[in-house]
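> File data-v7.cif follows (mmCIF, C-alpha atoms):
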data_structure
#
loop_
_atom_site.label_atom_id
_atom_site.label_comp_id
_atom_site.auth_asym_id
_atom_site.auth_seq_id
_atom_site.Cartn_x
_atom_site.Cartn_y
_atom_site.Cartn_z
CA MET A 1 2.78 -31.02 -54.17
CA ALA A 2 4.50 -27.66 -54.06
CA GLN A 3 3.79 -25.61 -50.99
CA PRO A 4 2.42 -22.08 -51.47
CA THR A 5 5.08 -19.47 -51.01
CA GLN A 6 4.64 -16.44 -48.81
CA GLU A 7 5.69 -13.00 -49.84
CA PRO A 8 8.87 -11.68 -48.18
CA GLY A 9 7.98 -9.74 -45.10
CA TYR A 10 4.68 -11.57 -44.52
CA ASP A 11 5.65 -12.84 -41.06
CA SER A 12 6.66 -9.35 -40.00
CA ALA A 13 3.46 -7.81 -41.35
CA GLU A 14 1.32 -10.46 -39.65
CA HIS A 15 3.18 -9.92 -36.38
CA ASP A 16 2.49 -6.18 -36.56
CA HIS A 17 -1.18 -6.89 -37.30
CA VAL A 18 -1.51 -9.16 -34.27
CA GLU A 19 0.24 -6.60 -32.08
CA ASN A 20 -2.13 -3.88 -33.25
CA THR A 21 -5.23 -5.95 -32.51
CA ALA A 22 -4.00 -6.64 -28.97
CA SER A 23 -2.87 -3.14 -28.07
CA GLY A 24 -5.53 -2.42 -25.43
CA ILE A 25 -3.04 -2.32 -22.57
CA LEU A 26 -0.62 -0.17 -24.57
CA ARG A 27 -3.42 2.22 -25.46
CA ALA A 28 -4.67 2.46 -21.86
CA SER A 29 -1.13 3.07 -20.60
CA ILE A 30 -0.31 5.81 -23.11
CA PHE A 31 -3.56 7.66 -22.62
CA GLY A 32 -3.33 7.22 -18.83
CA VAL A 33 0.09 8.85 -18.82
CA SER A 34 -1.24 11.60 -21.10
CA ASP A 35 -4.21 12.33 -18.84
CA GLY A 36 -2.08 12.39 -15.71
CA LEU A 37 0.55 14.61 -17.29
CA VAL A 38 -1.83 17.17 -18.78
CA SER A 39 -4.24 17.39 -15.84
CA ASN A 40 -1.59 17.64 -13.13
CA LEU A 41 0.59 19.98 -15.19
CA ALA A 42 -2.38 22.32 -15.54
CA LEU A 43 -3.10 22.04 -11.81
CA VAL A 44 0.51 22.61 -10.76
CA MET A 45 0.89 25.57 -13.11
CA GLY A 46 -2.35 27.10 -11.88
CA VAL A 47 -1.27 26.90 -8.25
CA ALA A 48 2.28 28.04 -9.07
CA GLY A 49 0.82 31.08 -10.80
CA GLY A 50 -1.14 32.05 -7.70
CA THR A 51 1.39 31.47 -4.93
CA GLN A 52 5.10 31.72 -4.18
CA ASP A 53 4.96 28.89 -1.63
CA PRO A 54 6.46 25.67 -3.09
CA HIS A 55 4.89 23.59 -0.32
CA THR A 56 1.44 24.66 -1.51
CA VAL A 57 2.33 23.65 -5.05
CA VAL A 58 3.55 20.22 -3.88
CA LEU A 59 0.46 19.72 -1.73
CA ALA A 60 -1.89 20.64 -4.54
CA GLY A 61 0.03 18.54 -7.08
CA SER A 62 0.07 15.52 -4.76
CA ALA A 63 -3.63 15.85 -4.08
CA GLY A 64 -4.32 16.16 -7.79
CA LEU A 65 -2.21 13.08 -8.50
CA LEU A 66 -4.01 10.90 -5.96
CA ALA A 67 -7.48 12.19 -6.71
CA GLY A 68 -7.00 11.82 -10.45
CA ALA A 69 -5.45 8.36 -10.23
CA PHE A 70 -8.16 6.95 -7.96
CA SER A 71 -10.89 8.61 -9.98
CA MET A 72 -9.52 7.28 -13.26
CA ALA A 73 -9.04 3.77 -11.85
CA ALA A 74 -12.54 3.69 -10.39
CA GLY A 75 -14.07 5.05 -13.57
CA GLU A 76 -12.19 2.54 -15.73
CA TYR A 77 -13.21 -0.36 -13.50
CA ILE A 78 -16.88 0.63 -13.37
CA SER A 79 -17.00 1.30 -17.10
CA MET A 80 -15.39 -2.01 -18.09
CA GLN A 81 -17.28 -4.03 -15.49
CA THR A 82 -20.61 -2.59 -16.61
CA GLN A 83 -19.73 -3.30 -20.23
CA ARG A 84 -18.65 -6.83 -19.35
CA GLU A 85 -21.84 -7.51 -17.39
CA ALA A 86 -23.94 -6.27 -20.31
CA MET A 87 -22.03 -8.55 -22.70
CA GLU A 88 -22.37 -11.52 -20.35
CA LEU A 89 -26.12 -10.94 -20.19
CA GLN A 90 -26.30 -10.90 -23.98
CA LEU A 91 -24.29 -14.12 -24.15
CA HIS A 92 -26.60 -15.74 -21.57
CA VAL A 93 -29.67 -14.77 -23.59
CA GLU A 94 -28.05 -16.10 -26.76
CA ARG A 95 -27.23 -19.39 -25.05
CA GLU A 96 -30.81 -19.73 -23.82
CA HIS A 97 -32.13 -19.13 -27.34
CA ILE A 98 -29.78 -21.75 -28.81
CA LEU A 99 -30.85 -24.32 -26.21
CA LYS A 100 -34.54 -23.53 -26.59
CA TYR A 101 -34.71 -22.98 -30.35
CA PRO A 102 -31.80 -24.96 -31.83
CA GLU A 103 -33.21 -25.35 -35.34
CA GLU A 104 -34.22 -21.71 -35.66
CA GLU A 105 -30.86 -20.52 -34.37
CA GLU A 106 -29.00 -22.85 -36.71
CA ALA A 107 -30.98 -21.47 -39.65
CA HIS A 108 -30.23 -17.95 -38.43
CA LEU A 109 -26.51 -18.68 -38.30
CA MET A 110 -26.68 -20.07 -41.83
CA GLU A 111 -28.25 -16.79 -42.97
CA LEU A 112 -25.54 -14.78 -41.24
CA LEU A 113 -22.80 -16.84 -42.87
CA THR A 114 -24.46 -16.49 -46.25
CA ARG A 115 -24.61 -12.71 -45.84
CA SER A 116 -20.90 -12.80 -45.04
CA GLY A 117 -20.26 -14.17 -48.54
CA LEU A 118 -20.28 -17.95 -48.11
CA ASP A 119 -22.02 -20.19 -50.60
CA GLN A 120 -25.37 -21.32 -49.18
CA ASP A 121 -24.45 -25.02 -49.20
CA VAL A 122 -21.17 -24.30 -47.42
CA ALA A 123 -22.93 -22.01 -44.94
CA THR A 124 -25.57 -24.65 -44.23
CA GLU A 125 -22.95 -27.34 -43.56
CA MET A 126 -20.86 -24.99 -41.44
CA ALA A 127 -23.86 -23.93 -39.35
CA ARG A 128 -24.77 -27.58 -38.81
CA LYS A 129 -21.24 -28.44 -37.65
CA ILE A 130 -21.02 -25.41 -35.37
CA HIS A 131 -24.36 -26.22 -33.72
CA GLU A 132 -23.23 -29.73 -32.80
CA GLU A 133 -21.94 -28.17 -29.56
CA VAL A 134 -23.41 -25.27 -27.62
CA ASP A 135 -20.26 -23.30 -26.79
CA PRO A 136 -18.99 -22.87 -30.38
CA ALA A 137 -22.52 -21.97 -31.44
CA VAL A 138 -22.74 -19.27 -28.77
CA ASP A 139 -19.33 -17.91 -29.77
CA PHE A 140 -20.23 -17.67 -33.46
CA HIS A 141 -23.63 -16.08 -32.81
CA ALA A 142 -22.04 -13.62 -30.39
CA LEU A 143 -19.44 -12.59 -32.95
CA LEU A 144 -21.71 -12.34 -36.00
CA GLU A 145 -24.84 -10.98 -34.28
CA LEU A 146 -23.52 -8.95 -31.38
CA GLY A 147 -19.93 -8.15 -32.33
CA ILE A 148 -18.72 -9.78 -29.09
CA VAL A 149 -15.60 -11.93 -28.86
CA PRO A 150 -16.33 -13.92 -25.67
CA ASN A 151 -12.69 -14.54 -24.74
CA GLN A 152 -11.62 -10.94 -25.35
CA MET A 153 -13.97 -8.86 -23.23
CA GLY A 154 -11.15 -7.42 -21.15
CA SER A 155 -10.38 -7.46 -17.45
CA PRO A 156 -11.82 -4.58 -15.38
CA VAL A 157 -9.21 -5.16 -12.66
CA ALA A 158 -6.28 -5.06 -15.10
CA ALA A 159 -7.66 -2.00 -16.89
CA SER A 160 -8.17 -0.22 -13.56
CA LEU A 161 -4.65 -1.05 -12.37
CA TYR A 162 -2.98 0.07 -15.61
CA SER A 163 -5.01 3.28 -15.61
CA PHE A 164 -4.03 4.03 -12.00
CA LEU A 165 -0.32 3.38 -12.49
CA SER A 166 -0.03 5.16 -15.82
CA PHE A 167 -1.89 8.21 -14.47
CA VAL A 168 0.49 8.35 -11.48
CA VAL A 169 3.51 8.22 -13.80
CA GLY A 170 2.18 11.07 -15.92
CA ALA A 171 1.09 13.18 -12.95
CA LEU A 172 4.47 12.83 -11.24
CA ILE A 173 6.38 14.46 -14.11
CA PRO A 174 5.40 18.12 -13.49
CA LEU A 175 5.50 17.58 -9.73
CA ILE A 176 8.95 16.02 -9.24
CA PRO A 177 10.99 19.25 -9.86
CA TRP A 178 9.13 20.91 -6.98
CA LEU A 179 10.20 18.13 -4.63
CA PHE A 180 13.87 19.03 -5.12
CA SER A 181 13.76 22.79 -5.63
CA ALA A 182 11.96 25.67 -3.96
CA ASP A 183 11.63 27.23 -7.40
CA GLY A 184 10.78 24.32 -9.66
CA LEU A 185 8.70 26.29 -12.15
CA ALA A 186 11.19 26.47 -15.02
CA LEU A 187 12.35 22.87 -14.64
CA SER A 188 8.76 21.64 -14.31
CA ILE A 189 7.82 23.41 -17.55
CA GLY A 190 10.86 22.04 -19.38
CA VAL A 191 10.48 18.45 -18.20
CA SER A 192 6.73 18.49 -18.83
CA ALA A 193 7.16 19.92 -22.33
CA LEU A 194 9.60 17.13 -23.17
CA ALA A 195 7.25 14.53 -21.71
CA LEU A 196 4.30 15.93 -23.65
CA ALA A 197 6.25 15.60 -26.88
CA VAL A 198 7.34 12.04 -26.06
CA VAL A 199 3.80 10.95 -25.13
CA GLY A 200 2.35 12.62 -28.21
CA GLY A 201 4.88 10.88 -30.40
CA SER A 202 4.24 7.57 -28.66
CA VAL A 203 0.56 7.70 -29.58
CA THR A 204 1.63 7.23 -33.18
CA ARG A 205 2.77 3.73 -32.17
CA ILE A 206 -0.97 2.96 -32.26
CA THR A 207 -2.20 5.28 -35.00
CA HIS A 208 0.81 4.97 -37.38
CA ARG A 209 0.70 8.70 -38.05
CA SER A 210 3.50 11.26 -38.06
CA VAL A 211 5.55 11.19 -34.86
CA ILE A 212 6.32 14.90 -35.19
CA ALA A 213 2.68 15.82 -35.75
CA GLY A 214 1.63 13.75 -32.73
CA ALA A 215 4.30 15.32 -30.54
CA LEU A 216 3.41 18.88 -31.60
CA ARG A 217 -0.31 18.27 -31.12
CA GLN A 218 0.18 16.95 -27.59
CA LEU A 219 2.57 19.78 -26.79
CA LEU A 220 0.09 22.35 -28.08
CA PHE A 221 -2.88 21.08 -26.11
CA GLY A 222 -0.99 20.30 -22.91
CA GLY A 223 1.01 23.52 -23.04
CA GLY A 224 -2.12 25.51 -23.82
CA ALA A 225 -3.96 24.08 -20.82
CA ALA A 226 -0.98 24.86 -18.55
CA ALA A 227 -0.70 28.41 -19.89
CA VAL A 228 -4.39 29.10 -19.30
CA THR A 229 -4.38 27.79 -15.72
CA TYR A 230 -1.13 29.62 -14.92
CA THR A 231 -2.62 32.88 -16.20
CA ILE A 232 -5.80 32.36 -14.18
CA GLY A 233 -3.73 31.46 -11.11
CA ARG A 234 -1.71 34.66 -11.49
CA ALA A 235 -4.84 36.73 -11.81
CA ILE A 236 -6.46 35.16 -8.75
CA GLY A 237 -3.24 35.33 -6.72
CA SER A 238 -2.82 39.02 -7.51
CA GLY A 239 -6.34 39.76 -6.39
CA LEU A 240 -6.02 38.07 -3.00
#
Using structure tokens, write down the structure that the file contains.


Amino acid sequence: MAQPTQEPGYDSAEHDHVENTASGILRASIFGVSDGLVSNLALVMGVAGGTQDPHTVVLAGSAGLLAGAFSMAAGEYISMQTQREAMELQLHVEREHILKYPEEEEAHLMELLTRSGLDQDVATEMARKIHEEVDPAVDFHALLELGIVPNQMGSPVAASLYSFLSFVVGALIPLIPWLFSADGLALSIGVSALALAVVGGSVTRITHRSVIAGALRQLLFGGGAAAVTYTIGRAIGSGL
């Protein structure tokens, strides 16, 4: 019997699809860098606008880097852990229902499969086969009823670590010029502007939108935040 042929480029398209569905770490890293870059750039520019002392700028930027990184890591861990615990509770309840009411849950799964477009006879047979073991039954009910994929709930520790490291990378960019020059303002602005454009363009790796549009959007928002804080810093510094 002849084997079905695949369209040219199918393997590549499927590979891209799988990459996109597993891009949680990439997404967390890009947005972590973006948060660190924008927040610490705004902080550094605000302090630089209010003082001529480079040591003060470095101190403030370093404090902002550490505070932001720890805050983001803690927030990411708590958020993901809370979400995971809530999902685990739902899975536990679903397991208890399947063990206590096997026939009712099997009938419920058959209804869910039928609503998904399967023929009723096929759905009935599939539900029966799935309910022969508890674990597959729990997995199917979790997916169709709760929208939970049990093996893909994410790791709070990994998410926290990636958030911390990516924030540090982003926050270091506007700060590094001040570590090597007493007047790092111009270089900090230039390096940060380039980084904003690169990060904004990198986001399109996930969204598949225009690289130029992404770069300009990130540059506009990040540069705008830095301009506002610098202006406020100048005003406050002049009044002291």

> Here is a test: counting only C-alpha atoms, which residue of A:Ser210, A:Gln218, A:Thr229, A:Asn40 is nearest to Leu196 of chain A?

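When distances to Leu196 of chain A are compared using only C-alpha atoms, the smallest one comes from A:Gln218.
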
> Using the chain letters and numbering of this document, enumerate as an MDAnalysis selection string the residues selected by the PyMOL selection byres ((chain A and resi 235) around 12).

chainID A and resid 46:51 228:234 236:240

> Just C-alpha atoms for this one: save the residues we selected as a tab-separated table (two decimals), keeping the file's coordinate frame.


chain	number	residue	atom	x	y	z
A	46	GLY	CA	-2.35	27.10	-11.88
A	47	VAL	CA	-1.27	26.90	-8.25
A	48	ALA	CA	2.28	28.04	-9.07
A	49	GLY	CA	0.82	31.08	-10.80
A	50	GLY	CA	-1.14	32.05	-7.70
A	51	THR	CA	1.39	31.47	-4.93
A	228	VAL	CA	-4.39	29.10	-19.30
A	229	THR	CA	-4.38	27.79	-15.72
A	230	TYR	CA	-1.13	29.62	-14.92
A	231	THR	CA	-2.62	32.88	-16.20
A	232	ILE	CA	-5.80	32.36	-14.18
A	233	GLY	CA	-3.73	31.46	-11.11
A	234	ARG	CA	-1.71	34.66	-11.49
A	236	ILE	CA	-6.46	35.16	-8.75
A	237	GLY	CA	-3.24	35.33	-6.72
A	238	SER	CA	-2.82	39.02	-7.51
A	239	GLY	CA	-6.34	39.76	-6.39
A	240	LEU	CA	-6.02	38.07	-3.00

> Can you work out which one of A:Ala42, A:Ala107, A:Thr56, A:Leu172 has the shortest atom-to-atom distance to Gln120 of chain A, counting all atoms listed in the file?

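Of all the options, A:Ala107 lies closest to Gln120 of chain A.
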
> Do you know which residues the PyMOL selection byres ((chain A and resi 185-192) around 12) returns on this file, as number ranges by chain?

A: 33-34, 36-42, 44-49, 51-54, 57-58, 61, 169-184, 193-200, 218-219, 222-224, 226-227, 230

> In Å to one decimal, how far is atom CA of Glu132 of chain A from atom CA of Glu103 of chain A?

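Separation of atom CA of Glu103 of chain A and atom CA of Glu132 of chain A: 11.2 Å.
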
> Would you mind listing what lies within 9 Å of Ala137 of chain A as a PyMOL selection string, with only C-alpha atoms counted and same-chain residues fewer than 6 positions away left out?

chain A and resi 95+98+105-106+109+127+130-131

> To one decimal in Å, tell me the separation between atom CA of Ala60 of chain A and atom CA of Phe31 of chain A.

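Separation of atom CA of Ala60 of chain A and atom CA of Phe31 of chain A: 22.3 Å.
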
> Expressed in Å to a single decimal, how great is the separation between atom CA of Arg115 of chain A and atom CA of Asp135 of chain A?

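Atom CA of Asp135 of chain A lies 22.2 Å from atom CA of Arg115 of chain A.
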
> For this structure, which residues satisfy the selection - the PyMOL selection byres ((chain A and resi 145) around 12) - when it is evaluated on the file as given? I want them as number ranges by chain.

A: 90-91, 94, 105, 108-113, 115-116, 137-144, 146-149

> Taking all atoms of segment 71-79 of chain A that appear in the file, build a box with edges along x, y and z, extend it by 5 Å on every side, and state its centre and edge lengths in Å to one decimal, as AutoDock Vina command-line options.


--center_x -13.0 --center_y 4.1 --center_z -13.5 --size_x 18.0 --size_y 19.0 --size_z 17.1

> Using only C-alpha atoms, which of the listed residues (A:Thr124, A:Gln81, A:Thr114, A:Thr207) sits closest to Val157 of chain A?

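Of A:Thr124, A:Gln81, A:Thr114, A:Thr207, the one nearest Val157 of chain A is A:Gln81, counting only C-alpha atoms.
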
> Write out as a ChimeraX atom specification which residues come within 8 Å of segment 211-213 of chain A when counting only C-alpha atoms, dropping same-chain ones fewer than 6 positions away.

/A:200-202,204

> With only C-alpha atoms as the atoms that count, which of A:His208, A:Lys100, A:Ala73, A:Ala225 lies nearest to Ser29 of chain A?

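Residue with the minimum atom-to-atom distance to Ser29 of chain A: A:Ala73.
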
> With distances taken over only C-alpha atoms, which of A:Asp35, A:Glu125, A:Glu104, A:Glu133 is nearest to Leu65 of chain A?

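For Leu65 of chain A, the nearest of the candidates is A:Asp35.
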
> Using all atoms listed in the file for the distances, tell me which of A:Glu85, A:Phe164, A:Ala215, A:Val134 is nearest to Tyr101 of chain A.

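For Tyr101 of chain A, the nearest of the given residues is A:Val134.
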
> Need the shell around Glu76 of chain A: protein/DNA/RNA residues with any atom at most 7 Å away, counting only C-alpha atoms. Skip same-chain ones fewer than 4 positions apart. Format as a list of chain:residue names?

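The neighbour list is A:Met72, A:Met80, A:Ala159, A:Ser160.
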